[in-house]
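Data block for my_file.pdb (PDB, C-alpha atoms and all ligand atoms):
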MODEL        1
ATOM      1  CA  MET A1303     144.987 128.559  83.123  1.00  0.00           C
ATOM      2  CA  THR A1304     143.248 129.255  86.419  1.00  0.00           C
ATOM      3  CA  LYS A1305     145.096 128.134  89.525  1.00  0.00           C
ATOM      4  CA  THR A1306     143.683 126.162  92.411  1.00  0.00           C
ATOM      5  CA  ARG A1307     144.515 128.122  95.547  1.00  0.00           C
ATOM      6  CA  THR A1308     141.859 128.000  98.243  1.00  0.00           C
ATOM      7  CA  THR A1309     140.242 125.201 100.237  1.00  0.00           C
ATOM      8  CA  ALA A1310     136.998 126.006  98.427  1.00  0.00           C
ATOM      9  CA  ASP A1311     138.790 125.450  95.081  1.00  0.00           C
ATOM     10  CA  LEU A1312     139.979 122.059  96.346  1.00  0.00           C
ATOM     11  CA  LYS A1313     136.489 121.056  97.484  1.00  0.00           C
ATOM     12  CA  ARG A1314     135.044 121.941  94.088  1.00  0.00           C
ATOM     13  CA  LEU A1315     137.800 120.007  92.339  1.00  0.00           C
ATOM     14  CA  LEU A1316     137.244 116.976  94.595  1.00  0.00           C
ATOM     15  CA  ALA A1317     133.508 116.999  93.847  1.00  0.00           C
ATOM     16  CA  HIS A1318     134.205 117.225  90.114  1.00  0.00           C
ATOM     17  CA  VAL A1319     136.789 114.405  90.140  1.00  0.00           C
ATOM     18  CA  GLN A1320     134.539 112.096  92.163  1.00  0.00           C
ATOM     19  CA  ARG A1321     131.488 112.645  89.947  1.00  0.00           C
ATOM     20  CA  ARG A1322     133.484 112.221  86.778  1.00  0.00           C
ATOM     21  CA  TYR A1323     135.678 109.210  87.575  1.00  0.00           C
ATOM     22  CA  PHE A1324     134.235 107.216  90.450  1.00  0.00           C
ATOM     23  CA  PRO A1325     131.130 105.045  90.837  1.00  0.00           C
ATOM     24  CA  ARG A1326     130.456 106.280  94.377  1.00  0.00           C
ATOM     25  CA  VAL A1327     130.954 109.754  95.816  1.00  0.00           C
ATOM     26  CA  LEU A1328     132.636 109.363  99.197  1.00  0.00           C
ATOM     27  CA  ASN A1329     132.640 111.820 102.063  1.00  0.00           C
ATOM     28  CA  ILE A1330     136.248 113.076 102.062  1.00  0.00           C
ATOM     29  CA  HIS A1331     137.872 115.987 103.898  1.00  0.00           C
ATOM     30  CA  ILE A1332     140.427 117.817 101.767  1.00  0.00           C
ATOM     31  CA  SER A1333     142.942 120.536 102.632  1.00  0.00           C
ATOM     32  CA  TRP A1334     146.328 122.041 101.840  1.00  0.00           C
ATOM     33  CA  GLY A1335     149.388 121.200 103.931  1.00  0.00           C
ATOM     34  CA  THR A1336     153.099 121.970 103.847  1.00  0.00           C
ATOM     35  CA  PRO A1337     155.564 119.533 102.215  1.00  0.00           C
ATOM     36  CA  GLU A1338     157.307 119.234 105.601  1.00  0.00           C
ATOM     37  CA  GLN A1339     154.089 117.980 107.201  1.00  0.00           C
ATOM     38  CA  LEU A1340     153.644 115.472 104.421  1.00  0.00           C
ATOM     39  CA  THR A1341     157.053 113.944 103.782  1.00  0.00           C
ATOM     40  CA  ASP A1342     158.878 113.497 107.102  1.00  0.00           C
ATOM     41  CA  GLY A1343     161.751 115.518 105.715  1.00  0.00           C
ATOM     42  CA  ILE A1344     162.069 113.681 102.387  1.00  0.00           C
ATOM     43  CA  ASP A1345     162.478 116.231  99.602  1.00  0.00           C
ATOM     44  CA  TRP A1346     159.477 115.504  97.408  1.00  0.00           C
ATOM     45  CA  PRO A1347     157.884 118.833  96.513  1.00  0.00           C
ATOM     46  CA  TRP A1348     154.593 117.523  95.122  1.00  0.00           C
ATOM     47  CA  ALA A1349     153.849 115.356  98.147  1.00  0.00           C
ATOM     48  CA  VAL A1350     150.221 114.447  98.594  1.00  0.00           C
ATOM     49  CA  SER A1351     148.698 112.132 101.146  1.00  0.00           C
ATOM     50  CA  SER A1352     145.434 110.460 101.968  1.00  0.00           C
ATOM     51  CA  TRP A1353     144.329 108.334 104.834  1.00  0.00           C
ATOM     52  CA  ALA A1354     141.232 106.728 106.270  1.00  0.00           C
ATOM     53  CA  HIS A1355     140.603 107.183 109.966  1.00  0.00           C
ATOM     54  CA  PRO A1356     137.609 106.408 112.220  1.00  0.00           C
ATOM     55  CA  ASP A1357     136.765 110.130 112.026  1.00  0.00           C
ATOM     56  CA  GLY A1358     136.690 110.107 108.239  1.00  0.00           C
ATOM     57  CA  ARG A1359     138.707 110.066 105.042  1.00  0.00           C
ATOM     58  CA  PHE A1360     141.314 112.764 104.535  1.00  0.00           C
ATOM     59  CA  ILE A1361     143.357 114.105 101.633  1.00  0.00           C
ATOM     60  CA  VAL A1362     146.140 116.645 102.139  1.00  0.00           C
ATOM     61  CA  LEU A1363     147.999 118.224  99.221  1.00  0.00           C
ATOM     62  CA  SER A1364     151.312 120.036  99.379  1.00  0.00           C
ATOM     63  CA  ASP A1365     150.634 123.764  99.200  1.00  0.00           C
ATOM     64  CA  ARG A1366     153.398 123.992  96.572  1.00  0.00           C
ATOM     65  CA  LEU A1367     150.806 122.601  94.175  1.00  0.00           C
ATOM     66  CA  LYS A1368     148.999 125.934  94.430  1.00  0.00           C
ATOM     67  CA  ARG A1369     151.443 127.017  91.713  1.00  0.00           C
ATOM     68  CA  ALA A1370     150.645 124.069  89.452  1.00  0.00           C
ATOM     69  CA  PRO A1371     148.152 124.126  86.578  1.00  0.00           C
ATOM     70  CA  ARG A1372     144.653 122.973  87.501  1.00  0.00           C
ATOM     71  CA  TYR A1373     144.961 119.618  85.665  1.00  0.00           C
ATOM     72  CA  VAL A1374     148.012 118.735  87.795  1.00  0.00           C
ATOM     73  CA  VAL A1375     146.144 119.434  91.052  1.00  0.00           C
ATOM     74  CA  MET A1376     143.218 117.493  89.603  1.00  0.00           C
ATOM     75  CA  TYR A1377     145.530 114.547  88.953  1.00  0.00           C
ATOM     76  CA  ALA A1378     146.838 114.654  92.537  1.00  0.00           C
ATOM     77  CA  VAL A1379     143.256 114.644  93.846  1.00  0.00           C
ATOM     78  CA  PHE A1380     142.296 111.819  91.478  1.00  0.00           C
ATOM     79  CA  HIS A1381     145.292 109.742  92.601  1.00  0.00           C
ATOM     80  CA  GLU A1382     144.414 110.158  96.277  1.00  0.00           C
ATOM     81  CA  VAL A1383     140.709 109.403  95.775  1.00  0.00           C
ATOM     82  CA  LEU A1384     141.729 106.259  93.890  1.00  0.00           C
ATOM     83  CA  HIS A1385     143.495 105.063  97.045  1.00  0.00           C
ATOM     84  CA  PHE A1386     140.073 104.897  98.753  1.00  0.00           C
ATOM     85  CA  HIS A1387     138.755 102.673  95.961  1.00  0.00           C
ATOM     86  CA  VAL A1388     141.740 100.366  95.319  1.00  0.00           C
ATOM     87  CA  ALA A1389     143.094  98.930  98.557  1.00  0.00           C
ATOM     88  CA  SER A1390     146.808  98.650  99.299  1.00  0.00           C
ATOM     89  CA  ARG A1391     148.037  95.078  99.321  1.00  0.00           C
ATOM     90  CA  LYS A1392     149.943  93.454 102.175  1.00  0.00           C
ATOM     91  CA  VAL A1393     152.710  91.181 100.921  1.00  0.00           C
ATOM     92  CA  THR A1394     154.377  88.524 103.060  1.00  0.00           C
ATOM     93  CA  ARG A1395     158.021  87.680 102.366  1.00  0.00           C
ATOM     94  CA  ARG A1396     159.387  84.144 102.726  1.00  0.00           C
ATOM     95  CA  ASP A1397     160.800  84.999 106.127  1.00  0.00           C
ATOM     96  CA  GLY A1398     157.336  85.964 107.345  1.00  0.00           C
ATOM     97  CA  THR A1399     157.927  89.742 107.443  1.00  0.00           C
ATOM     98  CA  THR A1400     155.461  91.916 105.594  1.00  0.00           C
ATOM     99  CA  TYR A1401     155.350  95.118 103.572  1.00  0.00           C
ATOM    100  CA  TRP A1402     152.658  97.161 101.861  1.00  0.00           C
ATOM    101  CA  VAL A1403     152.227  97.747  98.156  1.00  0.00           C
ATOM    102  CA  HIS A1404     150.271 100.992  97.909  1.00  0.00           C
ATOM    103  CA  HIS A1405     150.110 101.059  94.115  1.00  0.00           C
ATOM    104  CA  PRO A1406     149.262  97.481  93.099  1.00  0.00           C
ATOM    105  CA  ARG A1407     148.769  96.673  89.433  1.00  0.00           C
ATOM    106  CA  ALA A1408     145.007  97.373  89.610  1.00  0.00           C
ATOM    107  CA  PHE A1409     145.802 100.865  90.919  1.00  0.00           C
ATOM    108  CA  VAL A1410     148.383 101.603  88.215  1.00  0.00           C
ATOM    109  CA  LEU A1411     145.987 100.474  85.478  1.00  0.00           C
ATOM    110  CA  ALA A1412     143.094 102.505  86.900  1.00  0.00           C
ATOM    111  CA  GLU A1413     145.261 105.627  86.981  1.00  0.00           C
ATOM    112  CA  HIS A1414     145.350 105.694  83.192  1.00  0.00           C
ATOM    113  CA  ALA A1415     141.619 106.479  83.163  1.00  0.00           C
ATOM    114  CA  PHE A1416     142.525 110.039  84.170  1.00  0.00           C
ATOM    115  CA  GLU A1417     142.472 112.054  80.970  1.00  0.00           C
ATOM    116  CA  TYR A1418     145.534 114.222  81.716  1.00  0.00           C
ATOM    117  CA  PHE A1419     147.568 111.425  83.321  1.00  0.00           C
ATOM    118  CA  LYS A1420     150.579 111.679  80.989  1.00  0.00           C
ATOM    119  CA  SER A1421     150.711 115.484  80.899  1.00  0.00           C
ATOM    120  CA  ALA A1422     150.356 115.727  84.674  1.00  0.00           C
ATOM    121  CA  ALA A1423     153.131 113.184  85.269  1.00  0.00           C
ATOM    122  CA  ARG A1424     155.349 115.035  82.783  1.00  0.00           C
ATOM    123  CA  TRP A1425     154.630 118.397  84.448  1.00  0.00           C
ATOM    124  CA  MET A1426     155.557 117.015  87.872  1.00  0.00           C
ATOM    125  CA  ARG A1427     158.815 115.548  86.561  1.00  0.00           C
ATOM    126  CA  SER A1428     159.894 118.732  84.803  1.00  0.00           C
ATOM    127  CA  ASN A1429     159.020 120.973  87.757  1.00  0.00           C
ATOM    128  CA  GLU A1430     160.323 118.857  90.608  1.00  0.00           C
ATOM    129  CA  ASN A1431     163.311 121.077  91.324  1.00  0.00           C
ATOM    130  CA  LEU A1432     161.230 124.150  92.033  1.00  0.00           C
ATOM    131  CA  SER A1433     162.048 125.801  95.304  1.00  0.00           C
ATOM    132  CA  ALA A1434     159.285 127.365  97.381  1.00  0.00           C
ATOM    133  CA  GLY A1435     159.461 130.805  95.780  1.00  0.00           C
ATOM    134  CA  ASP A1436     159.807 129.911  92.099  1.00  0.00           C
ATOM    135  CA  GLU A1437     157.029 130.293  89.601  1.00  0.00           C
ATOM    136  CA  ALA A1438     156.156 127.018  87.891  1.00  0.00           C
ATOM    137  CA  ALA A1439     156.509 126.441  84.164  1.00  0.00           C
ATOM    138  CA  ALA A1440     153.166 125.838  82.487  1.00  0.00           C
TER     139      ALA A1440
HETATM  140 ZN    ZN A1501     149.680 106.970  95.915  1.00  0.00          ZN
ENDMDL
END
Structure re-expressed in structure tokens:
Amino acid sequence: MTKTRTTADLKRLLAHVQRRYFPRVLNIHISWGTPEQLTDGIDWPWAVSSWAHPDGRFIVLSDRLKRAPRYVVMYAVFHEVLHFHVASRKVTRRDGTTYWVHHPRAFVLAEHAFEYFKSAARWMRSNENLSAGDEAAA
């Protein structure tokens, strides 16, 4: 299986995922980042992030995913693009305080449209203890 390693690989993958799964192709910047940049110190090796900003939409993937099979990286990209299509929901508690639900039911249901959803989720679970230098299982 070919690996996704460069920014150009990511851009190609993003274009493919958007054309295949989404009604509109959005203008999104995509790049690799380090897990430390992405998780505020929480140990979650496959951290990915996306955000909308007045300057544009951004997706950053943990560079540890460079060792993952292409369908896993594709899933991470799909998941982040989906965030731009299904809005997070603000919930108000009885005491008036609020919190955000970033994966509301509509999001969770839409995720199953991704053809390798189950295999990608399984791969991430079984490889989550990888340290930076290890080679991933296929
Ligand atoms: Zn998410």
- prompt: By how many Å are CA of Arg1322 in chain A and CA of Tyr1418 in chain A apart?
  reply: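 A separation of 13.2 Å between them.
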query: If you measure from CA of His1387 in chain A to CA of Ile1330 in chain A, what distance in Å do you get, rounded to one decimal?
result: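 Distance reported for this atom pair: 12.3 Å.
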7 Å from ligand ZN 1501 (chain A) is the threshold here; counting all atoms listed in the file, which polymer residues fall inside it? Answer as a compact mmCIF listing (two decimals) with C-alpha atoms, in the coordinates of the input.
# COMPACT_ATOMS: atom_id res chain seq x y z
CA HIS A 1381 145.29 109.74 92.60
CA GLU A 1382 144.41 110.16 96.28
CA HIS A 1385 143.50 105.06 97.04
CA HIS A 1404 150.27 100.99 97.91
CA HIS A 1405 150.11 101.06 94.12
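Of the listed residues (A:Arg1395, A:Arg1326, A:Arg1321, A:Arg1366), A:Arg1366 comes nearest to Trp1348 in chain A; the distances count only C-alpha atoms.
Of the listed residues (A:Trp1402, A:Tyr1323, A:Trp1425, A:Phe1380), A:Phe1380 comes nearest to Ser1351 in chain A; the distances count all atoms listed in the file.
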message: as a PyMOL selection string, please: the residues near Phe1360 in chain A (cut-off 8 Å, all atoms listed in the file, same-chain neighbours under 5 positions excluded).
response: chain A and resi 1330-1332+1352-1355
field: For CA of Lys1313 in chain A and CA of Pro1371 in chain A, the interatomic separation in Å (one decimal)
entry: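 A separation of 16.3 Å between them.
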message: I'd like the neighbourhood of Tyr1373 in chain A as a list of chain:residue names, where a residue qualifies if any of its atoms comes within 7 Å (using all atoms listed in the file), though same-chain residues fewer than 3 positions away should be ignored.
response: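 Counting only the stated atoms, we get A:Met1376, A:Tyr1377, A:Tyr1418, A:Ala1422.
Nearest residue to Leu1384 in chain A among A:Lys1368, A:Thr1306, A:His1414, A:Leu1315 is A:His1414, counting only C-alpha atoms.
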message: Under the rule that all atoms listed in the file are counted, which of A:Arg1407, A:Arg1372, A:Arg1314, A:Arg1307 is the nearest residue to Ser1421 in chain A?
response: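 Using all atoms listed in the file, Ser1421 in chain A sits closest to A:Arg1372.
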- prompt: Exactly which residues make up the result of the PyMOL selection byres (((chain A and resi 1340) around 9) and not hetatm) on this file, given as a list of chain:residue names?
  reply: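 Listing what the PyMOL selection byres (((chain A and resi 1340) around 9) and not hetatm) selects in the shown file: A:Gly1335, A:Thr1336, A:Pro1337, A:Glu1338, A:Gln1339, A:Thr1341, A:Asp1342, A:Gly1343, A:Ile1344, A:Ala1349, A:Val1350, A:Ser1351, A:Val1362, A:Leu1363, A:Ser1364.
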